[in-house]
Amino acid sequence: MAELDWGRRYLMCPPEHFGVLYEINPWMDAEVAVDPERAREQWDGLRATLEAAGAAVEVVHQSAEVPDMVFTANGGIVNVAADGGPRFVPSNFWHAERQGETERFAAWFAEQGWAVDRLDPGLRHEGAGDALPFGGVLLSGYRFRSDRVAATDLAALTGGPVRSIELVDERLYHVDITFCPLSDRHALCAPMGWDRYGRQVVEALVPEPLWLTDEEALSFCANSVVVGTTVVMPTTPVRVGRQLEAWGFDVVTCDVSEFLKAGGGCRCLTLALDVPLGPGPAPNPD
Ligand code: ARG
């Protein structure tokens, strides 16, 4: 197996104004208080863990109007392989509660010198939370937060193939709660989240999947961040940890329980800044 060719640089947003102030997924309960100090400690812990694994972390700041901006995975789609420099496609959020994040993320990338491309304003797509690269394609989830047709726009903007799969369980409302690329051959896969066609797409795409049980999937373990051979997980079911170690990964469990109250884990709290999207692998000559 070869390590992923991305996942060494991340954008994170410290929880300066994080809270569960509204309910836009089944995990959120506005009656449940977030402990801001614990949230900050957990966020610092995640950042330190990623850095110790060899990743660089950059920071964008939130304001009180956008408590969920800590989940930077939803900020947009990154592409560092484009001709003429890195490009960013900001998300068009599904829920009004998060729509204020779009221009904040766009401004951060523009300030760093990235070209910013826009999705059709009529189409919703929640960025890397609903699109992860694997095997030369961008695997994009739709239904709860992203429109299926947004994939066509994304393919045009990134210059690479996008394969869409339908999400079917509202508890697994983003593709990054159902799928986690681990290497060029391995990925965590939660079939519970997909219809029959989606399962077939993943079976054809991933040479060595680690199929998660429903219970494992609902623990958010697929919402993990992979830095080289280190897998940073919000929860590590015993069976999953053993299999990852057998494959040669180092597994680190990082407590992000304050963020799970909002329906987000380790992956949601990070946006990879080094993802190369492009025309995909050269077609096999035979
Ligand atoms: N409360 C946030 C929302 O519902 C959580 C986002 C989780 N992000 C993710 N990439 N799965 O939008």
# chains A, B, ... in the order shown; residues from 1 in each chain; ligands from 1
call {"tool": "closest_atom_pairs", "arguments": {"of": "chain A", "to": "ligand 1", "cutoff": "9 Å", "atoms": "only C-alpha atoms and all ligand atoms", "output": "tab-separated table"}}
result
residue	atom	partner	partner_atom_place_in_ligand_line	distance
A:Val20	CA	ligand 1	1 (N)	7.5
A:Tyr22	CA	ligand 1	1 (N)	8.5
A:Glu23	CA	ligand 1	4 (O)	7.5
A:Ile24	CA	ligand 1	4 (O)	5.2
A:Asn25	CA	ligand 1	4 (O)	5.1
A:Pro26	CA	ligand 1	4 (O)	8.5
A:Trp27	CA	ligand 1	4 (O)	8.2
A:Met28	CA	ligand 1	1 (N)	6.9
A:Pro67	CA	ligand 1	1 (N)	8.4
A:Asp68	CA	ligand 1	1 (N)	5.4
A:Met69	CA	ligand 1	2 (C)	8.2
A:Val70	CA	ligand 1	6 (C)	8.4
A:Phe71	CA	ligand 1	8 (N)	5.3
A:Thr72	CA	ligand 1	10 (N)	7.4
A:Ala73	CA	ligand 1	10 (N)	4.9
A:Asn74	CA	ligand 1	10 (N)	5.3
A:Gly75	CA	ligand 1	10 (N)	8.9
A:Phe93	CA	ligand 1	12 (O)	8.5
A:Trp94	CA	ligand 1	12 (O)	8.6
A:His95	CA	ligand 1	12 (O)	8.0
A:Glu97	CA	ligand 1	12 (O)	8.7
A:Arg98	CA	ligand 1	12 (O)	7.1
A:Glu126	CA	ligand 1	10 (N)	7.9
A:Gly127	CA	ligand 1	10 (N)	8.1
A:Ala128	CA	ligand 1	10 (N)	6.9
A:Gly129	CA	ligand 1	10 (N)	3.6
A:Asp130	CA	ligand 1	10 (N)	6.9
A:Arg145	CA	ligand 1	12 (O)	8.3
A:Leu172	CA	ligand 1	11 (N)	8.2
A:Tyr173	CA	ligand 1	11 (N)	7.2
A:His174	CA	ligand 1	11 (N)	5.0
A:Val175	CA	ligand 1	11 (N)	7.2
A:Asp176	CA	ligand 1	11 (N)	5.6
A:Ile177	CA	ligand 1	11 (N)	5.9
A:Asn223	CA	ligand 1	11 (N)	7.3
A:Phe259	CA	ligand 1	5 (C)	8.1
A:Leu260	CA	ligand 1	5 (C)	8.3
A:Lys261	CA	ligand 1	1 (N)	8.2
A:Ala262	CA	ligand 1	1 (N)	4.4
A:Gly263	CA	ligand 1	5 (C)	4.9
A:Gly264	CA	ligand 1	7 (C)	4.1
A:Gly265	CA	ligand 1	7 (C)	7.0
A:Cys266	CA	ligand 1	10 (N)	8.9
A:Arg267	CA	ligand 1	10 (N)	6.5
A:Cys268	CA	ligand 1	10 (N)	3.7
A:Leu269	CA	ligand 1	8 (N)	7.1
A:Thr270	CA	ligand 1	10 (N)	8.3
A:Leu271	CA	ligand 1	10 (N)	8.8
call {"tool": "residues_around", "arguments": {"residues": "segment 151-165 of chain A", "least_positions_apart": "4", "cutoff": "9 Å", "atoms": "only C-alpha atoms", "output": "number ranges by chain"}}
result
A: 77-79, 81-82, 87-89, 117-120, 123, 125, 131, 133, 136-142, 146-147, 175, 194-195, 197-199, 201-202, 277-280
call {"tool": "write_last_selection", "arguments": {"atoms": "N, CA, C and O atoms", "output": "compact mmCIF listing (two decimals), in the first residue's frame"}}
result
# COMPACT_ATOMS: atom_id res chain seq x y z
N ILE A 77 -14.25 22.95 -1.32
CA ILE A 77 -13.43 21.94 -1.99
C ILE A 77 -12.11 22.58 -2.38
O ILE A 77 -12.06 23.64 -3.01
N VAL A 78 -11.05 21.89 -1.99
CA VAL A 78 -9.68 22.35 -2.23
C VAL A 78 -9.11 21.59 -3.42
O VAL A 78 -9.33 20.39 -3.55
N ASN A 79 -8.37 22.28 -4.26
CA ASN A 79 -7.65 21.59 -5.34
C ASN A 79 -6.31 22.25 -5.56
O ASN A 79 -6.22 23.38 -6.04
N ALA A 81 -3.97 20.86 -7.49
CA ALA A 81 -3.34 20.33 -8.71
C ALA A 81 -3.68 21.13 -9.95
O ALA A 81 -3.23 20.80 -11.05
N ALA A 82 -4.47 22.20 -9.79
CA ALA A 82 -4.90 22.95 -10.98
C ALA A 82 -3.72 23.68 -11.61
O ALA A 82 -2.80 24.10 -10.91
N ARG A 87 -6.72 26.20 -6.07
CA ARG A 87 -8.07 26.74 -6.25
C ARG A 87 -8.99 26.21 -5.16
O ARG A 87 -8.81 25.10 -4.68
N PHE A 88 -9.99 27.02 -4.84
CA PHE A 88 -10.94 26.69 -3.77
C PHE A 88 -12.36 26.96 -4.25
O PHE A 88 -12.63 28.00 -4.85
N VAL A 89 -13.25 26.02 -3.98
CA VAL A 89 -14.68 26.20 -4.29
C VAL A 89 -15.44 26.27 -2.98
O VAL A 89 -15.63 25.25 -2.30
N ASP A 117 -13.33 29.74 -7.00
CA ASP A 117 -14.35 29.45 -8.02
C ASP A 117 -15.68 29.25 -7.32
O ASP A 117 -15.72 28.81 -6.18
N ARG A 118 -16.77 29.57 -8.01
CA ARG A 118 -18.08 29.47 -7.37
C ARG A 118 -18.95 28.39 -8.00
O ARG A 118 -19.04 28.30 -9.22
N LEU A 119 -19.63 27.65 -7.14
CA LEU A 119 -20.69 26.76 -7.60
C LEU A 119 -21.86 27.61 -8.07
O LEU A 119 -22.02 28.76 -7.62
N ASP A 120 -22.68 27.05 -8.92
CA ASP A 120 -23.94 27.70 -9.28
C ASP A 120 -24.68 28.03 -7.98
O ASP A 120 -24.84 27.17 -7.11
N LEU A 123 -27.23 25.70 -6.45
CA LEU A 123 -26.88 24.33 -6.05
C LEU A 123 -26.22 24.31 -4.69
O LEU A 123 -25.38 25.15 -4.39
N HIS A 125 -23.87 22.38 -1.89
CA HIS A 125 -22.86 21.34 -1.67
C HIS A 125 -22.02 21.72 -0.47
O HIS A 125 -21.61 22.87 -0.36
N ALA A 131 -17.41 15.31 0.13
CA ALA A 131 -16.63 14.90 -1.05
C ALA A 131 -15.20 14.57 -0.64
O ALA A 131 -14.47 15.44 -0.18
N PRO A 133 -11.54 12.48 -1.86
CA PRO A 133 -10.86 11.87 -3.00
C PRO A 133 -10.44 10.44 -2.70
O PRO A 133 -9.98 10.14 -1.59
N GLY A 136 -8.45 8.44 -7.60
CA GLY A 136 -8.54 9.30 -8.78
C GLY A 136 -9.91 9.93 -9.00
O GLY A 136 -10.11 10.66 -9.97
N VAL A 137 -10.88 9.62 -8.12
CA VAL A 137 -12.19 10.30 -8.25
C VAL A 137 -12.52 11.00 -6.94
O VAL A 137 -11.95 10.70 -5.89
N LEU A 138 -13.44 11.93 -7.04
CA LEU A 138 -13.96 12.59 -5.84
C LEU A 138 -15.28 11.89 -5.53
O LEU A 138 -16.21 11.93 -6.34
N LEU A 139 -15.34 11.23 -4.37
CA LEU A 139 -16.57 10.52 -3.99
C LEU A 139 -17.46 11.50 -3.23
O LEU A 139 -17.11 11.96 -2.16
N SER A 140 -18.59 11.82 -3.84
CA SER A 140 -19.43 12.88 -3.29
C SER A 140 -20.77 12.32 -2.83
O SER A 140 -21.41 11.55 -3.54
N GLY A 141 -21.17 12.70 -1.62
CA GLY A 141 -22.45 12.25 -1.09
C GLY A 141 -23.52 13.32 -1.31
O GLY A 141 -23.21 14.50 -1.33
N TYR A 142 -24.75 12.87 -1.50
CA TYR A 142 -25.82 13.85 -1.65
C TYR A 142 -27.08 13.38 -0.94
O TYR A 142 -27.22 12.23 -0.61
N SER A 146 -26.19 18.10 0.29
CA SER A 146 -25.68 18.46 -1.02
C SER A 146 -26.65 17.97 -2.08
O SER A 146 -27.28 16.93 -1.89
N ASP A 147 -26.75 18.74 -3.17
CA ASP A 147 -27.60 18.34 -4.28
C ASP A 147 -26.82 17.41 -5.20
O ASP A 147 -25.65 17.64 -5.47
N VAL A 175 -20.97 12.59 3.76
CA VAL A 175 -20.21 11.41 3.31
C VAL A 175 -19.01 11.14 4.23
O VAL A 175 -18.60 9.99 4.40
N TRP A 194 -25.39 4.10 2.79
CA TRP A 194 -25.57 4.18 1.33
C TRP A 194 -26.64 3.24 0.82
O TRP A 194 -26.89 2.19 1.42
N ASP A 195 -27.18 3.57 -0.33
CA ASP A 195 -28.11 2.65 -0.97
C ASP A 195 -27.29 1.58 -1.71
O ASP A 195 -26.07 1.58 -1.70
N TYR A 197 -26.76 0.98 -4.84
CA TYR A 197 -25.86 1.48 -5.88
C TYR A 197 -24.60 2.08 -5.27
O TYR A 197 -23.49 1.82 -5.72
N GLY A 198 -24.78 2.86 -4.20
CA GLY A 198 -23.64 3.48 -3.54
C GLY A 198 -22.66 2.43 -3.02
O GLY A 198 -21.45 2.56 -3.14
N ARG A 199 -23.22 1.36 -2.47
CA ARG A 199 -22.35 0.28 -1.97
C ARG A 199 -21.55 -0.34 -3.10
O ARG A 199 -20.37 -0.64 -2.95
N VAL A 201 -20.67 1.17 -5.87
CA VAL A 201 -19.65 2.13 -6.29
C VAL A 201 -18.42 2.00 -5.40
O VAL A 201 -17.29 1.92 -5.88
N VAL A 202 -18.66 1.92 -4.09
CA VAL A 202 -17.53 1.85 -3.16
C VAL A 202 -16.80 0.51 -3.31
O VAL A 202 -15.57 0.46 -3.33
N LEU A 277 -6.70 17.42 -7.03
CA LEU A 277 -7.77 16.84 -7.85
C LEU A 277 -7.38 17.09 -9.29
O LEU A 277 -6.81 18.11 -9.61
N GLY A 278 -7.71 16.16 -10.12
CA GLY A 278 -7.31 16.41 -11.49
C GLY A 278 -7.95 15.43 -12.40
O GLY A 278 -8.96 14.85 -12.06
N PRO A 279 -7.35 15.25 -13.56
CA PRO A 279 -7.98 14.39 -14.55
C PRO A 279 -8.07 12.93 -14.11
O PRO A 279 -8.66 12.13 -14.79
N GLY A 280 -7.51 12.58 -12.95
CA GLY A 280 -7.62 11.20 -12.49
C GLY A 280 -6.48 10.36 -13.05
O GLY A 280 -5.66 10.85 -13.83
call {"tool": "atom_distance", "arguments": {"atom1": "atom CA of Ala106 of chain A", "atom2": "atom CA of Arg143 of chain A"}}
result
23.9 Å
call {"tool": "select_by_dssp", "arguments": {"residues": "segment 10-186 of chain A", "states": "strand (DSSP E)", "output": "number ranges by chain"}}
result
A: 10-12, 56-59, 76-79, 87-90, 115-116, 131-134, 137-142, 162-166, 179-181, 186
call {"tool": "closest_residue", "arguments": {"among": "A:Ala56, A:Ala204, A:Leu273, A:Val231", "to": "Ser183 of chain A", "atoms": "only C-alpha atoms"}}
result
A:Val231
call {"tool": "atom_distance", "arguments": {"atom1": "atom CA of Val232 of chain A", "atom2": "atom CA of Ala53 of chain A"}}
result
9.0 Å
call {"tool": "atom_distance", "arguments": {"atom1": "atom CA of Pro209 of chain A", "atom2": "atom CA of Ser91 of chain A"}}
result
28.4 Å
call {"tool": "select_by_dssp", "arguments": {"residues": "segment 98-226 of chain A", "states": "alpha helix (DSSP H)", "output": "ChimeraX atom specification"}}
result
/A:98-99,101-111,150-158,196-205,214-218
call {"tool": "write_last_selection", "arguments": {"atoms": "N, CA, C and O atoms", "output": "short mmCIF file (atom, residue, chain, number, x, y, z; two decimals), in the first residue's frame"}}
result
data_model
loop_
_atom_site.label_atom_id
_atom_site.label_comp_id
_atom_site.auth_asym_id
_atom_site.auth_seq_id
_atom_site.Cartn_x
_atom_site.Cartn_y
_atom_site.Cartn_z
N ARG A 98 -25.97 28.04 8.50
CA ARG A 98 -24.54 27.98 8.18
C ARG A 98 -24.16 28.81 6.96
O ARG A 98 -22.98 28.89 6.61
N GLN A 99 -25.13 29.43 6.33
CA GLN A 99 -24.82 30.10 5.07
C GLN A 99 -23.85 31.28 5.23
O GLN A 99 -23.13 31.62 4.30
N GLU A 101 -21.16 31.23 6.61
CA GLU A 101 -19.77 30.77 6.59
C GLU A 101 -19.14 30.91 5.21
O GLU A 101 -17.92 31.02 5.08
N THR A 102 -19.98 30.86 4.16
CA THR A 102 -19.45 30.80 2.80
C THR A 102 -18.46 31.93 2.53
O THR A 102 -17.32 31.68 2.10
N GLU A 103 -18.86 33.17 2.80
CA GLU A 103 -17.98 34.29 2.46
C GLU A 103 -16.79 34.37 3.41
O GLU A 103 -15.73 34.89 3.05
N ARG A 104 -16.95 33.85 4.62
CA ARG A 104 -15.80 33.85 5.54
C ARG A 104 -14.71 32.92 5.04
O ARG A 104 -13.53 33.25 5.05
N PHE A 105 -15.12 31.72 4.61
CA PHE A 105 -14.11 30.80 4.06
C PHE A 105 -13.53 31.35 2.76
O PHE A 105 -12.32 31.31 2.55
N ALA A 106 -14.40 31.87 1.90
CA ALA A 106 -13.92 32.39 0.61
C ALA A 106 -12.88 33.49 0.85
O ALA A 106 -11.84 33.54 0.19
N ALA A 107 -13.15 34.36 1.84
CA ALA A 107 -12.23 35.47 2.12
C ALA A 107 -10.89 34.95 2.62
O ALA A 107 -9.83 35.44 2.22
N TRP A 108 -10.91 33.93 3.47
CA TRP A 108 -9.64 33.39 3.99
C TRP A 108 -8.79 32.87 2.84
O TRP A 108 -7.60 33.18 2.74
N PHE A 109 -9.40 32.09 1.94
CA PHE A 109 -8.62 31.52 0.84
C PHE A 109 -8.13 32.62 -0.10
O PHE A 109 -6.98 32.60 -0.54
N ALA A 110 -8.99 33.58 -0.39
CA ALA A 110 -8.57 34.67 -1.29
C ALA A 110 -7.39 35.42 -0.67
O ALA A 110 -6.42 35.74 -1.38
N GLU A 111 -7.45 35.66 0.64
CA GLU A 111 -6.33 36.36 1.31
C GLU A 111 -5.02 35.59 1.21
O GLU A 111 -3.94 36.18 1.18
N ALA A 150 -24.99 18.97 -8.10
CA ALA A 150 -23.80 19.79 -7.82
C ALA A 150 -22.53 19.07 -8.26
O ALA A 150 -21.51 19.70 -8.56
N ALA A 151 -22.59 17.75 -8.36
CA ALA A 151 -21.42 16.97 -8.78
C ALA A 151 -20.95 17.38 -10.18
O ALA A 151 -19.76 17.41 -10.46
N THR A 152 -21.90 17.69 -11.04
CA THR A 152 -21.55 18.07 -12.41
C THR A 152 -20.77 19.38 -12.40
O THR A 152 -19.75 19.53 -13.08
N ASP A 153 -21.25 20.31 -11.59
CA ASP A 153 -20.57 21.59 -11.43
C ASP A 153 -19.17 21.40 -10.85
O ASP A 153 -18.20 22.01 -11.30
N LEU A 154 -19.09 20.54 -9.85
CA LEU A 154 -17.80 20.30 -9.19
C LEU A 154 -16.79 19.67 -10.14
O LEU A 154 -15.62 20.02 -10.14
N ALA A 155 -17.27 18.74 -10.95
CA ALA A 155 -16.37 18.10 -11.92
C ALA A 155 -15.84 19.16 -12.90
O ALA A 155 -14.64 19.18 -13.22
N ALA A 156 -16.71 20.06 -13.32
CA ALA A 156 -16.28 21.10 -14.25
C ALA A 156 -15.27 22.03 -13.58
O ALA A 156 -14.26 22.41 -14.17
N LEU A 157 -15.53 22.38 -12.32
CA LEU A 157 -14.65 23.34 -11.63
C LEU A 157 -13.32 22.73 -11.24
O LEU A 157 -12.30 23.42 -11.20
N THR A 158 -13.30 21.44 -10.91
CA THR A 158 -12.05 20.83 -10.46
C THR A 158 -11.29 20.16 -11.60
O THR A 158 -10.12 19.84 -11.46
N ARG A 196 -28.02 0.65 -2.38
CA ARG A 196 -27.36 -0.47 -3.03
C ARG A 196 -26.36 -0.02 -4.09
O ARG A 196 -25.25 -0.53 -4.18
N TYR A 197 -26.76 0.98 -4.84
CA TYR A 197 -25.86 1.48 -5.88
C TYR A 197 -24.60 2.08 -5.27
O TYR A 197 -23.49 1.82 -5.72
N GLY A 198 -24.78 2.86 -4.20
CA GLY A 198 -23.64 3.48 -3.54
C GLY A 198 -22.66 2.43 -3.02
O GLY A 198 -21.45 2.56 -3.14
N ARG A 199 -23.22 1.36 -2.47
CA ARG A 199 -22.35 0.28 -1.97
C ARG A 199 -21.55 -0.34 -3.10
O ARG A 199 -20.37 -0.64 -2.95
N GLN A 200 -22.22 -0.49 -4.25
CA GLN A 200 -21.50 -1.07 -5.40
C GLN A 200 -20.40 -0.14 -5.88
O GLN A 200 -19.31 -0.58 -6.26
N VAL A 201 -20.67 1.17 -5.87
CA VAL A 201 -19.65 2.13 -6.29
C VAL A 201 -18.42 2.00 -5.40
O VAL A 201 -17.29 1.92 -5.88
N VAL A 202 -18.66 1.92 -4.09
CA VAL A 202 -17.53 1.85 -3.16
C VAL A 202 -16.80 0.51 -3.31
O VAL A 202 -15.57 0.46 -3.33
N GLU A 203 -17.56 -0.57 -3.47
CA GLU A 203 -16.92 -1.88 -3.67
C GLU A 203 -16.00 -1.88 -4.87
O GLU A 203 -14.92 -2.46 -4.84
N ALA A 204 -16.44 -1.21 -5.93
CA ALA A 204 -15.63 -1.18 -7.15
C ALA A 204 -14.42 -0.25 -7.00
O ALA A 204 -13.41 -0.43 -7.67
N LEU A 205 -14.55 0.73 -6.12
CA LEU A 205 -13.51 1.77 -6.00
C LEU A 205 -12.40 1.39 -5.02
O LEU A 205 -11.23 1.75 -5.23
N ASP A 214 -23.10 -1.25 11.68
CA ASP A 214 -23.93 -0.07 11.92
C ASP A 214 -23.52 0.62 13.22
O ASP A 214 -23.43 1.84 13.30
N GLU A 215 -23.28 -0.20 14.24
CA GLU A 215 -22.91 0.37 15.54
C GLU A 215 -21.58 1.13 15.45
O GLU A 215 -21.44 2.23 16.00
N GLU A 216 -20.63 0.54 14.76
CA GLU A 216 -19.34 1.22 14.58
C GLU A 216 -19.53 2.53 13.82
O GLU A 216 -18.98 3.57 14.19
N ALA A 217 -20.35 2.47 12.76
CA ALA A 217 -20.57 3.67 11.95
C ALA A 217 -21.19 4.78 12.80
O ALA A 217 -20.77 5.94 12.74
N LEU A 218 -22.17 4.41 13.63
CA LEU A 218 -22.87 5.42 14.43
C LEU A 218 -21.99 5.98 15.54
O LEU A 218 -22.33 7.00 16.15
#
call {"tool": "residues_around", "arguments": {"residues": "Pro36 of chain A", "least_positions_apart": "6", "cutoff": "12 Å", "atoms": "only C-alpha atoms", "output": "PyMOL selection string"}}
result
chain A and resi 14-20+42-43+67+257-259
call {"tool": "write_last_selection", "arguments": {"atoms": "N, CA and C atoms", "output": "PDB file, in the first residue's frame"}}
result
ATOM      1  N   PRO A  14     -10.565  27.527  15.589  1.00  0.00           N
ATOM      2  CA  PRO A  14     -10.699  27.336  17.035  1.00  0.00           C
ATOM      3  C   PRO A  14     -12.106  27.676  17.523  1.00  0.00           C
ATOM      4  N   PRO A  15     -12.601  26.933  18.522  1.00  0.00           N
ATOM      5  CA  PRO A  15     -13.991  27.104  18.987  1.00  0.00           C
ATOM      6  C   PRO A  15     -14.146  28.329  19.873  1.00  0.00           C
ATOM      7  N   GLU A  16     -13.989  29.494  19.264  1.00  0.00           N
ATOM      8  CA  GLU A  16     -14.126  30.737  20.031  1.00  0.00           C
ATOM      9  C   GLU A  16     -15.590  31.107  20.238  1.00  0.00           C
ATOM     10  N   HIS A  17     -16.447  30.592  19.346  1.00  0.00           N
ATOM     11  CA  HIS A  17     -17.886  30.875  19.442  1.00  0.00           C
ATOM     12  C   HIS A  17     -18.690  29.628  19.110  1.00  0.00           C
ATOM     13  N   PHE A  18     -18.188  28.474  19.537  1.00  0.00           N
ATOM     14  CA  PHE A  18     -18.868  27.214  19.216  1.00  0.00           C
ATOM     15  C   PHE A  18     -19.966  26.921  20.236  1.00  0.00           C
ATOM     16  N   GLY A  19     -21.055  26.361  19.776  1.00  0.00           N
ATOM     17  CA  GLY A  19     -22.115  25.929  20.681  1.00  0.00           C
ATOM     18  C   GLY A  19     -23.160  25.188  19.872  1.00  0.00           C
ATOM     19  N   VAL A  20     -24.050  24.502  20.566  1.00  0.00           N
ATOM     20  CA  VAL A  20     -25.178  23.885  19.862  1.00  0.00           C
ATOM     21  C   VAL A  20     -26.355  24.830  20.037  1.00  0.00           C
ATOM     22  N   GLN A  42     -10.159  20.145  23.922  1.00  0.00           N
ATOM     23  CA  GLN A  42     -10.238  19.038  22.961  1.00  0.00           C
ATOM     24  C   GLN A  42      -9.738  19.473  21.592  1.00  0.00           C
ATOM     25  N   TRP A  43     -10.078  20.687  21.211  1.00  0.00           N
ATOM     26  CA  TRP A  43      -9.630  21.203  19.913  1.00  0.00           C
ATOM     27  C   TRP A  43      -8.107  21.344  19.904  1.00  0.00           C
ATOM     28  N   PRO A  67     -21.566  29.537  14.702  1.00  0.00           N
ATOM     29  CA  PRO A  67     -20.994  28.606  15.688  1.00  0.00           C
ATOM     30  C   PRO A  67     -20.451  27.306  15.090  1.00  0.00           C
ATOM     31  N   SER A 257     -15.576  14.937  22.329  1.00  0.00           N
ATOM     32  CA  SER A 257     -16.973  14.719  22.728  1.00  0.00           C
ATOM     33  C   SER A 257     -17.816  15.996  22.706  1.00  0.00           C
ATOM     34  N   GLU A 258     -17.199  17.144  22.979  1.00  0.00           N
ATOM     35  CA  GLU A 258     -17.987  18.394  22.938  1.00  0.00           C
ATOM     36  C   GLU A 258     -18.494  18.665  21.525  1.00  0.00           C
ATOM     37  N   PHE A 259     -17.700  18.280  20.528  1.00  0.00           N
ATOM     38  CA  PHE A 259     -18.079  18.528  19.136  1.00  0.00           C
ATOM     39  C   PHE A 259     -19.055  17.476  18.613  1.00  0.00           C
TER      40      PHE A 259
END
call {"tool": "residues_around", "arguments": {"residues": "Gly54 of chain A", "least_positions_apart": "4", "cutoff": "9 Å", "atoms": "only C-alpha atoms", "output": "list in words"}}
result
Arg8, Arg9, Thr49, Leu50, Val227 and Gly228 of chain A
call {"tool": "decode", "arguments": {"residues": "segment 210-216 of chain A", "atoms": "all heavy atoms", "output": "compact mmCIF listing (two decimals), in the first residue's frame"}}
result
# COMPACT_ATOMS: atom_id res chain seq x y z
N LEU A 210 -12.50 -1.52 4.86
CA LEU A 210 -12.83 -2.03 6.20
C LEU A 210 -14.30 -1.69 6.40
O LEU A 210 -14.66 -0.53 6.62
CB LEU A 210 -11.94 -1.35 7.27
CG LEU A 210 -11.84 -2.04 8.64
CD1 LEU A 210 -10.77 -1.37 9.49
CD2 LEU A 210 -13.13 -2.13 9.40
N TRP A 211 -15.16 -2.70 6.26
CA TRP A 211 -16.61 -2.48 6.35
C TRP A 211 -16.99 -2.30 7.81
O TRP A 211 -16.72 -3.18 8.63
CB TRP A 211 -17.37 -3.67 5.76
CG TRP A 211 -17.14 -3.87 4.30
CD1 TRP A 211 -16.46 -4.88 3.71
CD2 TRP A 211 -17.59 -3.02 3.23
NE1 TRP A 211 -16.46 -4.72 2.33
CE2 TRP A 211 -17.14 -3.59 2.02
CE3 TRP A 211 -18.32 -1.82 3.18
CZ2 TRP A 211 -17.40 -3.01 0.77
CZ3 TRP A 211 -18.58 -1.25 1.94
CH2 TRP A 211 -18.13 -1.84 0.76
N LEU A 212 -17.62 -1.20 8.10
CA LEU A 212 -18.03 -0.93 9.49
C LEU A 212 -19.43 -1.48 9.74
O LEU A 212 -20.31 -1.39 8.87
CB LEU A 212 -18.04 0.59 9.73
CG LEU A 212 -16.69 1.29 9.54
CD1 LEU A 212 -16.86 2.81 9.65
CD2 LEU A 212 -15.67 0.81 10.58
N THR A 213 -19.64 -2.01 10.94
CA THR A 213 -20.99 -2.39 11.34
C THR A 213 -21.79 -1.11 11.58
O THR A 213 -21.22 -0.01 11.71
CB THR A 213 -20.98 -3.20 12.65
OG1 THR A 213 -20.51 -2.33 13.70
CG2 THR A 213 -20.06 -4.42 12.56
N ASP A 214 -23.10 -1.25 11.68
CA ASP A 214 -23.93 -0.07 11.92
C ASP A 214 -23.52 0.62 13.22
O ASP A 214 -23.43 1.84 13.30
CB ASP A 214 -25.41 -0.46 11.99
CG ASP A 214 -25.93 -1.01 10.66
OD1 ASP A 214 -25.13 -1.04 9.69
OD2 ASP A 214 -27.10 -1.39 10.60
N GLU A 215 -23.28 -0.20 14.24
CA GLU A 215 -22.91 0.37 15.54
C GLU A 215 -21.58 1.13 15.45
O GLU A 215 -21.44 2.23 16.00
CB GLU A 215 -22.81 -0.77 16.56
CG GLU A 215 -22.86 -0.30 17.98
CD GLU A 215 -22.53 -1.44 18.96
OE1 GLU A 215 -22.73 -2.62 18.59
OE2 GLU A 215 -22.06 -1.13 20.05
N GLU A 216 -20.63 0.54 14.76
CA GLU A 216 -19.34 1.22 14.58
C GLU A 216 -19.53 2.53 13.82
O GLU A 216 -18.98 3.57 14.19
CB GLU A 216 -18.36 0.30 13.84
CG GLU A 216 -17.87 -0.86 14.70
CD GLU A 216 -17.23 -1.99 13.89
OE1 GLU A 216 -17.28 -1.97 12.63
OE2 GLU A 216 -16.68 -2.92 14.51
